[in-house]
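Participant: Here you go, work.tsv (TSV, C-alpha atoms):
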```
chain	number	residue	atom	x	y	z
A	1003	MET	CA	-38.25	-57.03	-12.13
A	1004	LYS	CA	-36.92	-60.09	-10.36
A	1005	LYS	CA	-37.63	-62.16	-13.48
A	1006	ASN	CA	-35.70	-59.71	-15.66
A	1007	VAL	CA	-32.67	-59.87	-13.38
A	1008	ARG	CA	-32.78	-63.64	-13.46
A	1009	SER	CA	-32.96	-63.63	-17.29
A	1010	LEU	CA	-30.06	-61.17	-17.48
A	1011	LEU	CA	-27.99	-63.30	-15.14
A	1012	ALA	CA	-28.77	-66.38	-17.20
A	1013	VAL	CA	-27.66	-64.64	-20.41
A	1014	VAL	CA	-24.44	-63.44	-18.75
A	1015	LEU	CA	-23.75	-66.94	-17.48
A	1016	ILE	CA	-24.34	-68.50	-20.90
A	1017	CYS	CA	-22.05	-65.93	-22.55
A	1018	PHE	CA	-19.39	-66.54	-19.93
A	1019	LEU	CA	-19.54	-70.31	-20.46
A	1020	ALA	CA	-19.49	-69.88	-24.24
A	1021	VAL	CA	-16.40	-67.67	-24.05
A	1022	LEU	CA	-14.75	-70.15	-21.69
A	1023	VAL	CA	-15.41	-73.19	-23.88
A	1024	THR	CA	-14.44	-71.43	-27.13
A	1025	GLY	CA	-11.34	-69.95	-25.52
A	1026	ARG	CA	-10.19	-73.32	-24.26
A	1027	ALA	CA	-10.76	-74.85	-27.68
A	1028	LEU	CA	-8.81	-72.08	-29.40
A	1029	ALA	CA	-6.05	-72.22	-26.81
A	1030	ALA	CA	-5.61	-75.93	-27.37
A	1031	GLY	CA	-5.70	-75.60	-31.16
A	1032	THR	CA	-8.29	-76.89	-33.56
A	1033	TRP	CA	-8.41	-79.85	-35.88
A	1034	SER	CA	-8.51	-79.37	-39.63
A	1035	TYR	CA	-9.79	-82.08	-41.97
A	1036	TYR	CA	-7.66	-83.35	-44.84
A	1037	ASP	CA	-8.38	-85.74	-47.70
A	1038	LEU	CA	-5.34	-85.95	-49.97
A	1039	THR	CA	-4.03	-88.17	-52.72
A	1040	VAL	CA	-0.25	-88.52	-52.50
A	1041	PRO	CA	1.52	-89.27	-55.80
A	1042	PRO	CA	3.88	-92.31	-56.00
A	1043	LEU	CA	7.68	-92.70	-55.76
A	1044	GLY	CA	8.56	-90.37	-52.90
A	1045	ALA	CA	6.35	-87.47	-54.06
A	1046	THR	CA	4.63	-85.15	-51.60
A	1047	MET	CA	1.24	-83.52	-51.08
A	1048	ILE	CA	0.40	-80.76	-48.60
A	1049	THR	CA	-2.63	-79.86	-46.49
A	1050	ASN	CA	-4.18	-76.39	-46.23
A	1051	ASN	CA	-2.16	-73.66	-44.48
A	1052	LEU	CA	-2.96	-72.70	-40.90
A	1053	GLN	CA	-1.47	-70.29	-38.41
A	1054	LYS	CA	0.16	-71.66	-35.28
A	1055	VAL	CA	-1.27	-70.26	-32.07
A	1056	TYR	CA	1.36	-71.64	-29.69
A	1057	ASN	CA	4.94	-72.83	-29.81
A	1058	GLY	CA	5.46	-76.57	-29.45
A	1059	LEU	CA	3.80	-79.75	-30.61
A	1060	CYS	CA	1.60	-80.14	-33.68
A	1061	ALA	CA	-0.59	-83.19	-34.31
A	1062	VAL	CA	-1.89	-85.56	-36.96
A	1063	ASP	CA	-4.87	-87.86	-36.41
A	1064	SER	CA	-4.68	-90.21	-39.39
A	1065	ARG	CA	-7.94	-92.08	-39.92
A	1066	SER	CA	-7.06	-93.89	-43.11
A	1067	ILE	CA	-4.12	-94.45	-45.47
A	1068	GLY	CA	-5.09	-96.18	-48.70
A	1069	ALA	CA	-4.14	-99.70	-49.76
A	1070	ASP	CA	-2.27	-100.72	-46.59
A	1071	TYR	CA	0.66	-98.39	-47.22
A	1072	ASP	CA	2.52	-96.14	-44.79
A	1073	LEU	CA	3.22	-92.46	-45.43
A	1074	ASN	CA	5.81	-90.09	-44.02
A	1075	VAL	CA	4.44	-86.88	-42.55
A	1076	TYR	CA	6.21	-83.69	-41.44
A	1077	LEU	CA	5.50	-80.02	-40.78
A	1078	GLU	CA	6.58	-77.25	-43.16
A	1079	LEU	CA	6.42	-73.48	-43.15
A	1080	LEU	CA	4.63	-71.58	-45.89
A	1081	ASP	CA	7.91	-71.37	-47.88
A	1082	ASN	CA	8.32	-75.18	-47.60
A	1083	THR	CA	11.08	-75.03	-44.99
A	1084	VAL	CA	10.98	-78.32	-43.08
A	1085	VAL	CA	10.49	-77.72	-39.35
A	1086	SER	CA	9.97	-81.24	-37.97
A	1087	ASP	CA	11.28	-84.79	-38.29
A	1088	LYS	CA	9.47	-87.22	-40.55
A	1089	ARG	CA	6.97	-89.52	-38.88
A	1090	VAL	CA	5.65	-92.77	-40.32
A	1091	ILE	CA	1.85	-92.92	-40.13
A	1092	ASN	CA	-0.75	-95.53	-40.91
A	1093	ASP	CA	-4.48	-96.09	-40.36
A	1094	ASN	CA	-5.79	-94.80	-37.02
A	1095	THR	CA	-2.53	-93.25	-35.89
A	1096	LEU	CA	-2.57	-90.23	-33.60
A	1097	VAL	CA	0.86	-88.58	-33.39
A	1098	ARG	CA	2.14	-85.40	-31.78
A	1099	ILE	CA	5.22	-83.94	-33.39
A	1100	ASP	CA	7.76	-81.53	-31.94
A	1101	ASN	CA	8.78	-78.78	-34.34
A	1102	TRP	CA	10.64	-75.50	-34.71
A	1103	ALA	CA	7.68	-73.43	-35.93
A	1104	SER	CA	6.73	-70.50	-33.68
A	1105	ALA	CA	3.37	-69.05	-32.72
A	1106	GLY	CA	2.07	-66.81	-35.49
A	1107	GLN	CA	3.83	-68.65	-38.31
A	1108	THR	CA	1.77	-70.19	-41.09
A	1109	VAL	CA	2.39	-73.90	-41.57
A	1110	HIS	CA	1.08	-76.93	-43.41
A	1111	MET	CA	1.48	-80.66	-42.99
A	1112	THR	CA	3.29	-82.50	-45.79
A	1113	PHE	CA	2.57	-86.14	-46.68
A	1114	GLU	CA	5.24	-88.11	-48.55
A	1115	SER	CA	5.02	-91.53	-50.19
A	1116	GLY	CA	7.91	-94.03	-50.05
A	1117	TRP	CA	10.58	-94.65	-52.72
A	1118	SER	CA	9.00	-98.02	-53.35
A	1119	ASP	CA	5.33	-96.98	-53.59
A	1120	HIS	CA	4.20	-97.17	-57.21
A	1121	VAL	CA	0.59	-96.09	-56.73
A	1122	HIS	CA	-1.29	-92.97	-55.68
A	1123	ILE	CA	-2.17	-93.21	-51.97
A	1124	GLU	CA	-5.18	-91.52	-50.39
A	1125	ALA	CA	-4.82	-90.16	-46.87
A	1126	ILE	CA	-7.78	-89.05	-44.75
A	1127	GLY	CA	-7.81	-87.57	-41.27
A	1128	TYR	CA	-7.33	-84.42	-39.20
A	1129	TRP	CA	-4.28	-82.31	-38.42
A	1130	SER	CA	-3.54	-79.37	-36.22
A	1131	PRO	CA	-0.63	-76.91	-36.13
A	1132	ASP	CA	-0.97	-76.94	-32.34
A	1133	ASN	CA	-1.75	-79.56	-29.76
A	1134	PRO	CA	-5.55	-79.93	-29.34
B	123	MET	CA	38.45	-125.23	-57.76
B	124	LEU	CA	36.00	-123.92	-55.16
B	125	LYS	CA	38.79	-121.96	-53.48
B	126	GLU	CA	39.79	-120.43	-56.80
B	127	GLU	CA	36.18	-119.39	-57.58
B	128	PHE	CA	35.82	-117.92	-54.08
B	129	ARG	CA	38.99	-115.93	-54.62
B	130	ARG	CA	37.71	-114.61	-57.95
B	131	ALA	CA	34.27	-113.76	-56.53
B	132	PHE	CA	35.32	-112.08	-53.29
B	133	LEU	CA	38.64	-110.48	-54.28
B	134	SER	CA	37.27	-108.49	-57.16
B	135	TRP	CA	36.45	-104.86	-57.84
B	136	ALA	CA	32.86	-105.84	-58.65
B	137	PHE	CA	32.39	-107.28	-55.15
B	138	VAL	CA	33.93	-104.16	-53.57
B	139	LEU	CA	31.67	-101.98	-55.73
B	140	ALA	CA	28.61	-103.99	-54.61
B	141	LEU	CA	29.58	-103.45	-50.95
B	142	VAL	CA	30.12	-99.73	-51.58
B	143	ILE	CA	26.72	-99.31	-53.29
B	144	THR	CA	24.94	-101.14	-50.44
B	145	SER	CA	26.76	-99.00	-47.86
B	146	VAL	CA	25.98	-95.75	-49.68
B	147	CYS	CA	22.26	-96.64	-50.02
B	148	PHE	CA	22.18	-97.55	-46.31
B	149	ALA	CA	23.90	-94.28	-45.42
B	150	VAL	CA	21.41	-92.27	-47.52
B	151	GLY	CA	18.51	-93.83	-45.56
B	152	LEU	CA	20.28	-93.20	-42.25
B	153	LYS	CA	20.93	-89.57	-43.19
B	154	GLU	CA	17.23	-89.16	-43.96
B	155	TYR	CA	16.41	-90.59	-40.52
B	156	GLY	CA	18.74	-88.12	-38.81
B	157	PRO	CA	21.42	-88.06	-36.11
B	158	PRO	CA	21.19	-89.79	-32.69
B	159	PHE	CA	19.33	-86.79	-31.23
B	160	SER	CA	16.39	-85.08	-32.93
B	161	LEU	CA	17.35	-81.79	-34.56
B	162	PHE	CA	13.78	-80.56	-34.20
B	163	THR	CA	13.40	-81.17	-30.47
B	164	ARG	CA	14.47	-78.20	-28.36
B	165	PRO	CA	17.65	-79.03	-26.39
B	166	GLU	CA	15.96	-78.36	-23.05
B	167	GLU	CA	13.21	-80.88	-23.94
B	168	ARG	CA	15.45	-83.71	-25.16
B	169	TYR	CA	15.44	-85.43	-21.77
B	170	LEU	CA	11.65	-85.82	-22.15
B	171	TYR	CA	12.05	-87.94	-25.29
B	172	PRO	CA	15.26	-89.98	-24.91
B	173	PHE	CA	14.23	-92.65	-27.44
B	174	THR	CA	12.76	-90.48	-30.19
B	175	GLN	CA	15.82	-91.39	-32.24
B	176	ASN	CA	16.71	-95.00	-31.53
B	177	ALA	CA	18.90	-97.71	-33.02
B	178	PHE	CA	16.07	-100.00	-34.15
B	179	ASP	CA	14.09	-97.35	-36.02
B	180	ALA	CA	17.32	-96.01	-37.51
B	181	PHE	CA	18.08	-99.44	-39.00
B	182	LEU	CA	14.58	-99.82	-40.49
B	183	CYS	CA	14.75	-96.35	-42.04
B	184	ALA	CA	18.25	-96.95	-43.44
B	185	MET	CA	17.31	-100.35	-44.86
B	186	GLY	CA	14.07	-99.36	-46.56
B	187	LEU	CA	11.68	-96.89	-44.98
B	188	MET	CA	13.71	-93.84	-46.02
B	189	GLY	CA	16.53	-95.10	-48.25
B	190	PRO	CA	16.97	-96.41	-51.80
B	191	LEU	CA	18.56	-99.79	-50.95
B	192	VAL	CA	15.36	-101.72	-51.74
B	193	PHE	CA	15.49	-100.38	-55.29
B	194	PHE	CA	19.04	-101.41	-56.12
B	195	ALA	CA	19.19	-104.71	-54.21
B	196	PRO	CA	18.96	-107.10	-57.22
B	197	LEU	CA	21.61	-105.13	-59.09
B	198	ILE	CA	23.89	-105.31	-56.06
B	199	ALA	CA	23.33	-109.06	-55.67
B	200	ALA	CA	24.10	-109.78	-59.32
B	201	LEU	CA	27.10	-107.47	-59.61
B	202	PRO	CA	29.91	-109.53	-58.01
B	203	PHE	CA	29.80	-112.78	-59.99
B	204	ALA	CA	26.45	-113.42	-61.73
B	205	ALA	CA	27.80	-112.63	-65.21
B	206	SER	CA	30.88	-114.79	-64.80
B	207	PHE	CA	29.88	-117.50	-67.32
B	208	ILE	CA	30.02	-114.75	-69.94
B	209	THR	CA	33.24	-113.09	-68.73
B	210	ASP	CA	34.98	-116.49	-68.42
B	211	ARG	CA	34.12	-117.25	-72.03
B	212	SER	CA	35.09	-113.83	-73.40
B	213	SER	CA	38.40	-113.74	-71.50
B	214	GLY	CA	39.31	-117.32	-72.47
B	215	TYR	CA	39.55	-118.32	-68.80
B	216	ILE	CA	37.12	-121.19	-69.35
B	217	THR	CA	39.47	-122.86	-71.85
B	218	PHE	CA	42.25	-122.73	-69.30
B	219	ILE	CA	40.18	-123.99	-66.39
B	220	LEU	CA	38.46	-126.83	-68.27
B	221	SER	CA	41.85	-128.25	-69.15
B	222	ARG	CA	42.41	-128.75	-65.41
B	223	THR	CA	39.00	-129.77	-64.03
B	224	SER	CA	35.62	-131.13	-65.08
B	225	PHE	CA	32.81	-128.85	-66.24
B	226	HIS	CA	30.57	-130.20	-63.50
B	227	ARG	CA	33.03	-129.13	-60.79
B	228	TYR	CA	33.58	-125.79	-62.46
B	229	ARG	CA	29.81	-125.10	-62.61
B	230	THR	CA	29.18	-126.23	-59.03
B	231	SER	CA	32.03	-124.09	-57.69
B	232	LYS	CA	30.77	-121.07	-59.58
B	233	TYR	CA	27.22	-121.67	-58.36
B	234	VAL	CA	28.31	-121.75	-54.70
B	235	ALA	CA	30.73	-118.81	-54.98
B	236	ASN	CA	28.14	-116.67	-56.77
B	237	LEU	CA	25.45	-117.53	-54.25
B	238	LEU	CA	27.64	-116.53	-51.31
B	239	ALA	CA	29.01	-113.40	-52.99
B	240	GLY	CA	25.45	-112.21	-53.79
B	241	GLY	CA	24.26	-112.90	-50.25
B	242	VAL	CA	27.24	-111.25	-48.59
B	243	SER	CA	27.08	-108.15	-50.79
B	244	THR	CA	23.48	-107.40	-49.74
B	245	SER	CA	23.82	-108.36	-46.07
B	246	LEU	CA	27.35	-107.60	-44.81
B	247	PRO	CA	27.00	-103.79	-45.01
B	248	LEU	CA	23.69	-104.09	-43.13
B	249	LEU	CA	25.40	-106.05	-40.35
B	250	VAL	CA	28.27	-103.56	-40.12
B	251	GLY	CA	25.80	-100.65	-40.35
B	252	TYR	CA	23.73	-102.06	-37.49
B	253	GLY	CA	26.90	-102.40	-35.40
B	254	ILE	CA	27.80	-98.75	-36.05
B	255	ILE	CA	24.23	-97.59	-35.35
B	256	ASN	CA	24.31	-99.39	-32.00
B	257	ILE	CA	27.41	-97.46	-30.97
B	258	PHE	CA	25.85	-94.04	-31.56
B	259	TYR	CA	22.07	-94.39	-31.11
B	260	HIS	CA	20.06	-95.14	-27.97
B	261	ARG	CA	18.88	-98.72	-27.67
B	262	GLY	CA	15.26	-98.48	-26.54
B	263	PHE	CA	11.73	-97.59	-27.57
B	264	PRO	CA	9.45	-94.73	-26.56
B	265	PRO	CA	6.48	-96.02	-24.53
B	266	VAL	CA	3.33	-97.24	-26.25
B	267	PRO	CA	0.43	-94.91	-25.37
B	268	VAL	CA	-2.85	-96.22	-24.01
B	269	PRO	CA	-5.52	-96.63	-26.73
B	270	GLY	CA	-6.91	-93.27	-27.85
B	271	GLU	CA	-3.89	-91.32	-26.63
B	272	ALA	CA	-1.28	-89.84	-28.98
B	273	TRP	CA	2.21	-91.09	-29.74
B	274	ASP	CA	4.38	-88.23	-28.46
B	275	ASN	CA	7.43	-87.56	-30.60
B	276	VAL	CA	7.74	-91.10	-31.88
B	277	ARG	CA	9.32	-91.53	-35.32
B	278	ILE	CA	7.72	-94.90	-36.10
B	279	PRO	CA	4.53	-95.32	-34.05
B	280	TRP	CA	4.27	-99.09	-34.34
B	281	VAL	CA	3.40	-101.65	-31.69
B	282	ASN	CA	4.32	-104.35	-34.22
B	283	ALA	CA	6.18	-103.78	-37.47
B	284	ASN	CA	4.39	-104.51	-40.73
B	285	GLY	CA	4.61	-107.92	-42.34
B	286	THR	CA	6.76	-110.97	-41.79
B	287	PHE	CA	7.71	-111.53	-38.12
B	288	GLY	CA	6.72	-107.93	-37.35
B	289	TYR	CA	5.58	-108.98	-33.86
B	290	LEU	CA	9.27	-109.30	-32.91
B	291	TYR	CA	9.93	-105.60	-33.57
B	292	ARG	CA	9.14	-104.38	-30.06
B	293	THR	CA	9.53	-107.53	-27.98
B	294	LYS	CA	12.82	-108.82	-29.48
B	295	PRO	CA	14.14	-106.00	-31.67
B	296	ASP	CA	17.66	-107.40	-32.08
B	297	LEU	CA	16.28	-110.75	-33.18
B	298	TYR	CA	13.98	-108.98	-35.64
B	299	ILE	CA	16.86	-107.01	-37.15
B	300	PHE	CA	19.07	-110.11	-37.38
B	301	PHE	CA	16.16	-111.79	-39.16
B	302	LEU	CA	16.08	-108.89	-41.65
B	303	ILE	CA	19.85	-109.15	-42.20
B	304	GLY	CA	19.58	-112.93	-42.64
B	305	LEU	CA	16.70	-112.43	-45.06
B	306	ALA	CA	18.83	-109.94	-47.02
B	307	PHE	CA	21.51	-112.65	-47.29
B	308	LEU	CA	19.06	-115.29	-48.55
B	309	TRP	CA	17.45	-112.76	-50.85
B	310	GLY	CA	20.83	-111.70	-52.31
B	311	ALA	CA	21.80	-115.34	-52.78
B	312	ALA	CA	18.56	-116.15	-54.62
B	313	TRP	CA	18.75	-113.13	-56.93
B	314	ALA	CA	22.44	-113.71	-57.64
B	315	THR	CA	21.49	-117.28	-58.64
B	316	ALA	CA	18.81	-115.85	-60.93
B	317	GLY	CA	21.48	-113.64	-62.51
B	318	LEU	CA	23.83	-116.61	-62.99
B	319	SER	CA	21.08	-118.64	-64.63
B	320	LEU	CA	20.55	-115.78	-67.10
B	321	SER	CA	24.27	-115.56	-67.83
B	322	SER	CA	24.12	-119.17	-69.01
B	323	VAL	CA	21.58	-118.26	-71.72
B	324	VAL	CA	22.47	-114.70	-72.80
B	325	ARG	CA	25.73	-113.59	-74.41
B	326	ASN	CA	25.93	-110.00	-73.23
B	327	ARG	CA	27.39	-109.34	-69.78
B	328	TYR	CA	25.31	-106.20	-69.20
B	329	TYR	CA	22.07	-107.99	-70.07
B	330	ALA	CA	22.88	-110.64	-67.48
B	331	LEU	CA	23.54	-108.01	-64.81
B	332	ALA	CA	20.55	-105.81	-65.63
B	333	ALA	CA	17.92	-108.48	-66.33
B	334	PRO	CA	17.24	-109.43	-62.67
B	335	PHE	CA	16.85	-105.73	-61.83
B	336	VAL	CA	14.43	-105.13	-64.71
B	337	PHE	CA	12.42	-108.23	-63.84
B	338	TYR	CA	12.33	-107.11	-60.20
B	339	ILE	CA	10.99	-103.66	-61.02
B	340	ILE	CA	8.40	-105.04	-63.45
B	341	ALA	CA	7.28	-107.68	-60.92
B	342	HIS	CA	6.95	-105.00	-58.24
B	343	PHE	CA	4.97	-102.74	-60.56
B	344	VAL	CA	2.65	-105.53	-61.73
B	345	THR	CA	1.94	-106.89	-58.24
B	346	THR	CA	1.27	-103.37	-56.98
B	347	VAL	CA	-1.11	-102.52	-59.81
B	348	LEU	CA	-2.93	-105.84	-59.41
B	349	TRP	CA	-3.39	-105.19	-55.66
B	350	ILE	CA	-1.31	-108.21	-54.66
B	351	ALA	CA	1.61	-106.13	-53.43
B	352	GLY	CA	2.19	-108.62	-50.61
B	353	TRP	CA	3.85	-110.77	-53.30
B	354	SER	CA	6.08	-107.97	-54.58
B	355	PRO	CA	9.77	-109.02	-54.47
B	356	LEU	CA	10.63	-105.53	-53.24
B	357	PHE	CA	8.30	-105.75	-50.25
B	358	ASN	CA	9.64	-109.20	-49.47
B	359	PHE	CA	13.21	-107.90	-49.33
B	360	ALA	CA	12.09	-105.43	-46.65
B	361	PRO	CA	8.79	-106.88	-45.37
B	362	PHE	CA	8.24	-104.04	-42.91
B	363	LEU	CA	7.42	-101.78	-45.89
B	364	TYR	CA	4.02	-103.39	-46.42
B	365	LYS	CA	1.37	-104.83	-44.12
B	366	ARG	CA	0.34	-107.74	-46.32
B	367	THR	CA	3.70	-109.50	-46.47
B	368	SER	CA	3.88	-112.68	-44.41
B	369	SER	CA	6.24	-115.59	-43.90
B	370	ILE	CA	4.33	-117.38	-46.69
B	371	THR	CA	4.83	-114.62	-49.27
B	372	THR	CA	8.43	-114.01	-48.22
B	373	PHE	CA	9.73	-117.57	-48.13
B	374	ALA	CA	7.51	-119.08	-50.84
B	375	GLU	CA	8.59	-116.42	-53.32
B	376	LEU	CA	12.24	-116.59	-52.36
B	377	GLY	CA	12.22	-120.38	-52.44
B	378	ALA	CA	10.50	-120.48	-55.82
B	379	LEU	CA	12.98	-118.03	-57.33
B	380	PHE	CA	15.93	-119.98	-55.94
B	381	ILE	CA	14.66	-123.38	-57.10
B	382	VAL	CA	13.69	-122.16	-60.59
B	383	SER	CA	17.05	-120.41	-61.01
B	384	THR	CA	18.95	-123.49	-59.85
B	385	ILE	CA	17.00	-125.71	-62.27
B	386	CYS	CA	17.74	-123.23	-65.08
B	387	ILE	CA	21.46	-123.42	-64.29
B	388	VAL	CA	21.40	-127.23	-64.27
B	389	VAL	CA	19.40	-127.36	-67.52
B	390	PHE	CA	20.95	-124.53	-69.53
B	391	ALA	CA	24.52	-124.23	-68.25
B	392	LYS	CA	25.84	-127.15	-70.29
B	393	LYS	CA	29.45	-127.35	-71.33
B	394	LYS	CA	28.62	-126.93	-75.00
B	395	HIS	CA	26.41	-123.92	-74.37
B	396	VAL	CA	28.72	-122.08	-71.96
B	397	TYR	CA	32.00	-122.97	-73.71
B	398	GLU	CA	31.07	-122.12	-77.28
```
Reformat the file's structure so that it appears as structure tokens.
Facilitator:
Amino acid sequence: MKKNVRSLLAVVLICFLAVLVTGRALAAGTWSYYDLTVPPLGATMITNNLQKVYNGLCAVDSRSIGADYDLNVYLELLDNTVVSDKRVINDNTLVRIDNWASAGQTVHMTFESGWSDHVHIEAIGYWSPDNP
Amino acid sequence: MLKEEFRRAFLSWAFVLALVITSVCFAVGLKEYGPPFSLFTRPEERYLYPFTQNAFDAFLCAMGLMGPLVFFAPLIAALPFAASFITDRSSGYITFILSRTSFHRYRTSKYVANLLAGGVSTSLPLLVGYGIINIFYHRGFPPVPVPGEAWDNVRIPWVNANGTFGYLYRTKPDLYIFFLIGLAFLWGAAWATAGLSLSSVVRNRYYALAAPFVFYIIAHFVTTVLWIAGWSPLFNFAPFLYKRTSSITTFAELGALFIVSTICIVVFAKKKHVYE
């Protein structure tokens, strides 16, 4: 009997911890992987769409931008309304970006090449509509 | 003679047009950067990020990161006076002037006036623009985060700018921007000289004005495709656009263009060739 109670308590504790850890992760927002090729001459490419959980900052963790170029990055709503300033990103750049998107809205991150970039540029990293 | 050539180069509609094009391109880049306060930061949070929009980043965006000036720069440099060998011949001005002075003095005066007009047309609007930006935008940088932490609301998250003298960007930003303006002057002077050297060998005014621009775009395209973009003339006009530019690529390329163009003028701009 005592053993059963102990097992039950252990299961409850594990469930409680699991809920706590998952909840904290969800509350903070989660990272989403991107691997995009941005066309040249000021063209854009977007990530997948995600729903914002909270108002406030979104984030980009850029791991690599091809061929030593910089890219502009900004947040857009599903209908391509721009809701943040443009940020310049490079290899290994972690930026948090203020924006007008509200919790519940579906957004994506848009990557833009420069006017002077004549080649396709690959961008790899993680982004989040919230602030993990 | 020099005074007369200066008057013709600087008091002309072509020079005014070059200044206007540079200013418009600069303004387009500045508009893309945004006003002195971020439109996307909530008003009650603006005090948290006072330097999100700052004068130094605004200048870099207006000059090249977000504007079209880098594209049109060789056209702007050549516009004021580079085709003047051709226009002097077609208008008959050269007949008049050579009756009063030697060809050597005429050519030297034109060379100097064209060089200065090209340099001023690409750099003066940048200088004035930087002055205006300093009136309206905050002068300061957001803090650099510790390694591993995020840049919060920073438009250009750079410790150092890319390329030539980029290490001055954060430590001596005014000096860095004056270097960029000075470089724009030298760059405009060199490309205007290239345009003048072409006007001594071609007969069509529009070819002389467009040829430096076409060469510039082709050179940029070729260097980019060949993965030697550090040598692109475009990236050496605004070296912060590309990591691989350096003082060697910037000044070696500019110097080579200037010397070759000057030699072409000396060799090809002979009295017989220009006059007839």
Participant: Please report, as JSON lines, each residue of chain A lying at most 10 Å from chain B, together with the nearest pair of atoms and the separation in Å rounded to one decimal; use only C-alpha atoms, and order rows by chain and ascending residue number.
Facilitator:
```
{"residue": "A:Gly1044", "atom": "CA", "partner": "B:Met188", "partner_atom": "CA", "distance": 9.3}
{"residue": "A:Gly1058", "atom": "CA", "partner": "B:Arg164", "partner_atom": "CA", "distance": 9.2}
{"residue": "A:Leu1059", "atom": "CA", "partner": "B:Asn275", "partner_atom": "CA", "distance": 8.6}
{"residue": "A:Cys1060", "atom": "CA", "partner": "B:Asn275", "partner_atom": "CA", "distance": 9.9}
{"residue": "A:Ala1061", "atom": "CA", "partner": "B:Ala272", "partner_atom": "CA", "distance": 8.6}
{"residue": "A:Val1062", "atom": "CA", "partner": "B:Ala272", "partner_atom": "CA", "distance": 9.1}
{"residue": "A:Asp1063", "atom": "CA", "partner": "B:Ala272", "partner_atom": "CA", "distance": 8.5}
{"residue": "A:Ala1069", "atom": "CA", "partner": "B:Trp349", "partner_atom": "CA", "distance": 8.1}
{"residue": "A:Asp1070", "atom": "CA", "partner": "B:Lys365", "partner_atom": "CA", "distance": 6.0}
{"residue": "A:Tyr1071", "atom": "CA", "partner": "B:Tyr364", "partner_atom": "CA", "distance": 6.1}
{"residue": "A:Asp1072", "atom": "CA", "partner": "B:Leu363", "partner_atom": "CA", "distance": 7.6}
{"residue": "A:Leu1073", "atom": "CA", "partner": "B:Leu187", "partner_atom": "CA", "distance": 9.6}
{"residue": "A:Asn1074", "atom": "CA", "partner": "B:Met188", "partner_atom": "CA", "distance": 9.0}
{"residue": "A:Val1075", "atom": "CA", "partner": "B:Arg277", "partner_atom": "CA", "distance": 9.9}
{"residue": "A:Val1084", "atom": "CA", "partner": "B:Phe162", "partner_atom": "CA", "distance": 9.6}
{"residue": "A:Val1085", "atom": "CA", "partner": "B:Phe162", "partner_atom": "CA", "distance": 6.7}
{"residue": "A:Ser1086", "atom": "CA", "partner": "B:Phe162", "partner_atom": "CA", "distance": 5.4}
{"residue": "A:Asp1087", "atom": "CA", "partner": "B:Phe162", "partner_atom": "CA", "distance": 6.4}
{"residue": "A:Lys1088", "atom": "CA", "partner": "B:Arg277", "partner_atom": "CA", "distance": 6.8}
{"residue": "A:Arg1089", "atom": "CA", "partner": "B:Arg277", "partner_atom": "CA", "distance": 4.7}
{"residue": "A:Val1090", "atom": "CA", "partner": "B:Ile278", "partner_atom": "CA", "distance": 5.2}
{"residue": "A:Ile1091", "atom": "CA", "partner": "B:Pro279", "partner_atom": "CA", "distance": 7.1}
{"residue": "A:Asn1092", "atom": "CA", "partner": "B:Pro279", "partner_atom": "CA", "distance": 8.7}
{"residue": "A:Asn1094", "atom": "CA", "partner": "B:Gly270", "partner_atom": "CA", "distance": 9.4}
{"residue": "A:Thr1095", "atom": "CA", "partner": "B:Pro279", "partner_atom": "CA", "distance": 7.6}
{"residue": "A:Leu1096", "atom": "CA", "partner": "B:Ala272", "partner_atom": "CA", "distance": 4.8}
{"residue": "A:Val1097", "atom": "CA", "partner": "B:Trp273", "partner_atom": "CA", "distance": 4.6}
{"residue": "A:Arg1098", "atom": "CA", "partner": "B:Asp274", "partner_atom": "CA", "distance": 4.9}
{"residue": "A:Ile1099", "atom": "CA", "partner": "B:Asn275", "partner_atom": "CA", "distance": 5.1}
{"residue": "A:Asp1100", "atom": "CA", "partner": "B:Thr163", "partner_atom": "CA", "distance": 5.8}
{"residue": "A:Asn1101", "atom": "CA", "partner": "B:Phe162", "partner_atom": "CA", "distance": 5.3}
{"residue": "A:Trp1102", "atom": "CA", "partner": "B:Phe162", "partner_atom": "CA", "distance": 6.0}
{"residue": "A:Ala1103", "atom": "CA", "partner": "B:Phe162", "partner_atom": "CA", "distance": 9.5}
{"residue": "A:Ser1115", "atom": "CA", "partner": "B:Met188", "partner_atom": "CA", "distance": 9.9}
{"residue": "A:Gly1116", "atom": "CA", "partner": "B:Leu187", "partner_atom": "CA", "distance": 6.9}
{"residue": "A:Trp1117", "atom": "CA", "partner": "B:Pro190", "partner_atom": "CA", "distance": 6.7}
{"residue": "A:Ser1118", "atom": "CA", "partner": "B:Phe193", "partner_atom": "CA", "distance": 7.2}
{"residue": "A:Asp1119", "atom": "CA", "partner": "B:Thr346", "partner_atom": "CA", "distance": 8.3}
{"residue": "A:His1120", "atom": "CA", "partner": "B:Phe343", "partner_atom": "CA", "distance": 6.5}
{"residue": "A:Val1121", "atom": "CA", "partner": "B:Thr346", "partner_atom": "CA", "distance": 7.3}
```
Participant: Can you tell me, as a list in words, what residues are no more than 8 Å from Leu237 in chain B when counting all atoms listed in the file, ignoring any on the same chain fewer than 3 positions away?
Facilitator: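 That gives Tyr233, Val234, Gly240, Gly241, Gly310, Ala311, Ala312, Ala314 and Thr315 of chain B.
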Participant: Interatomic distance between CA of Ser145 in chain B and CA of Ala306 in chain B?
Facilitator: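 For CA of Ser145 in chain B relative to CA of Ala306 in chain B, the distance reads 13.5 Å.
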Participant: Can you tell me how far CA of Leu152 in chain B sits from CA of Ala180 in chain B, in Å to one decimal?
Facilitator: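 Distance between the two atoms: 6.3 Å.
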